[in-house]
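Engineer: Supplied in structure tokens, the structure appears directly below.
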Amino acid sequence: MEIIEKAPAKINLGLDVLYKRDDGYHELEMVMASIDLSDRLTFKRLPKNEIIIETNSGFLPTDRKNNIFQAIEAMQKTYQFDGGVHAILQKNIPVAAGLGGGSSDAAATFRGVNRLFDLNANLDDLTRLAIPIGTDIPFCLQGETALVTGLGEIVTPLKNPIPQCWVVLVKPKISVSTPRVFSKIEVDSLSHPDISSLKSSIEMGDYQSMTQHLGNSLEDYTTRKFPVVQHIKDKMIQFGADAAVMSGSGPTVIGLCDKKTRALHVANSLKGFCQEVYVVRTLNK
Ligand SMILES: C[C@@](CO)(OP(=O)(O)O)[C@H](O)COP(=O)(O)OP(=O)(O)OC[C@H]1O[C@@H](n2ccc(N)nc2=O)[C@H](O)[C@@H]1O
Ligand SMILES: Nc1ncnc2c1ncn2[C@@H]1O[C@H](COP(=O)(O)OP(=O)(O)O)[C@@H](O)[C@H]1O
């Protein structure tokens with residue numbers, strides 16, 4: 001028997017860093033949405049108690065450093081099922097891009113192993129196991145559009161998902177380390193997007209108002225270090241995106257368009273500038 005799970009990327013429509021906690025982590029307030037750009041995971045049972053990870057990506061670790069490995073191990077320890085897991089990852093989401101690929105792979109692994117061994121774990125059970133592995137995984141377990149607070153572990157679905165629109169993703173050829181960004185920012189000098197207005201615009205289905213309230217506290221740091229991120233944002237607006245913002249700790253910039261033709265125009269105009277350009281839809285149930 002094999003189980004197949006999709007692992008969709010996430011975008012941060014809004015990300016506010018509220019303060020730094022004594023343990024070094026940052027209290028966040030974010031609006032996140034799943035998008036139609038996904039990794040694909042296949043899970044098979046193995047007779048012996050082992051974990052094998054295979055992937056089409058040459059860059060990723062296949063040992064304990066991979067989030068998939070850690071998720072399988074957490075499930076094994078908690079549920080003590082007989083046998084091991086063979087996970088095959090088809091990587092489509094750019095790595096270290098601010099799109100939560102590793103977190104979504106881990107979430108898909110929790111779902112997949114739960115099904116593969118008929119463990120009947122519910123969302124709360126899986127969320128508890130997920131938090132120590134990565135603070136973005138709780139959102140990836142739920143998906144759609146949500147207000148995400150705490151370190152990332154408190155996920156409250158919005159009354160309505162993000163209004164249907166087209167999302168242009170542009171990832172420059174640099175990788176950004178999330179721990180490094182969090183260790184370098186000076187919390188007192190960060191900008192603070194209006195997450196409450198962003199949330200209300202989405203819940204009212206007001207696309208235009210939503211585009212006016214996108215924002216990311218981490219953007220100033222990443223754009224200062226990598227000015228290409230600001231160039232991409234400027235070009236997106238110049239070529240017709242309704243709004244543009246960096247996702248997560250970067251470096252991917254997302255541009256929103258209400259019309260497909262305009263999204264394709266923005267994407268085509270940026271293809272000469274960056275290799276990795278995608279046009280996707282948001283993922284609403
Ligand atoms: C910034 C965000 C926004 O969605 O996304 P990405 O840019 O990674 O996609 C997330 O908060 C990233 O979540 P995730 O990638 O799971 O990070 P984790 O592995 O949990 O944490 C990596 C490191 O970031 C710092 N960290 C993370 C979350 C948080 N609330 N405060 C922090 O200070 C910690 O130093 C931690 O060791
Ligand atoms: N399954 C995985 N997919 C992607 N990256 C992974 C995975 N497992 C571990 N990693 C490591 O996690 C780091 C961040 O990856 P990723 O989740 O793509 O970043 P981001 O959250 O910024 O989009 C990378 O350096 C990568 O080596």
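In the structure tokens, chains take letters A, B, ... by order of appearance, with residues numbered from 1 within each chain and ligands from 1 in the order shown.
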I need the alpha helix (DSSP H) residues of region 9-257 of chain A per DSSP on the backbone, written as a ChimeraX atom specification.
Structural biologist: /A:67-79,101-116,123-130,137-142,178-184,195-203,207-212,219-225,228-238
Engineer: Compute the set of protein, DNA and RNA residues whose minimum atom distance to ligand 2 is at most 8 Å, using only C-alpha atoms and all ligand atoms, and state it as a count of residues only.
Structural biologist: 31
Engineer: I need the residue nearest ligand 1 from this list: A:Glu153, A:Glu276, A:Asp63, A:Asp82. Use only C-alpha atoms and all ligand atoms for the distance.
Structural biologist: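 Counting only C-alpha atoms and all ligand atoms, the residue closest to ligand 1 is A:Glu153.
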Engineer: How far is it from CA of Cys274 (chain A) to CA of Leu190 (chain A), in Å with one decimal?
Structural biologist: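 Value for the CA of Cys274 (chain A)-CA of Leu190 (chain A) distance: 27.9 Å.
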Engineer: With region 143-148 of chain A as the partner and 12 Å as the cut-off, tabulate the residues of region 181-236 of chain A that qualify, each row holding the nearest pair of atoms and their distance in Å to one decimal, using only C-alpha atoms, sorted by chain and rising number, as a tab-separated table.
Structural biologist:
```
residue	atom	partner	partner_atom	distance
A:Ile195	CA	A:Leu147	CA	8.8
A:Ser196	CA	A:Leu147	CA	9.5
A:Ser197	CA	A:Leu147	CA	11.9
A:Leu198	CA	A:Leu147	CA	10.0
A:Lys199	CA	A:Leu147	CA	7.4
A:Ser200	CA	A:Leu147	CA	10.8
A:Ile202	CA	A:Thr145	CA	9.1
A:Glu203	CA	A:Thr145	CA	9.9
```
Engineer: Write the selection just made, keeping N, CA and C atoms, as a compact mmCIF listing (two decimals), in the first residue's frame?
Structural biologist:
```
# COMPACT_ATOMS: atom_id res chain seq x y z
N ILE A 195 -2.05 44.13 10.86
CA ILE A 195 -2.57 42.77 10.65
C ILE A 195 -4.09 42.72 10.87
N SER A 196 -4.56 43.55 11.80
CA SER A 196 -5.99 43.53 12.10
C SER A 196 -6.80 43.99 10.88
N SER A 197 -6.34 45.07 10.21
CA SER A 197 -7.05 45.53 9.00
C SER A 197 -6.91 44.52 7.86
N LEU A 198 -5.75 43.89 7.78
CA LEU A 198 -5.55 42.87 6.73
C LEU A 198 -6.56 41.73 6.92
N LYS A 199 -6.68 41.30 8.17
CA LYS A 199 -7.60 40.20 8.50
C LYS A 199 -9.04 40.60 8.17
N SER A 200 -9.45 41.83 8.59
CA SER A 200 -10.84 42.23 8.32
C SER A 200 -11.10 42.35 6.82
N ILE A 202 -9.83 40.65 4.43
CA ILE A 202 -10.00 39.30 3.87
C ILE A 202 -11.35 38.74 4.29
N GLU A 203 -11.69 38.92 5.55
CA GLU A 203 -12.96 38.35 6.03
C GLU A 203 -14.16 39.02 5.35
```
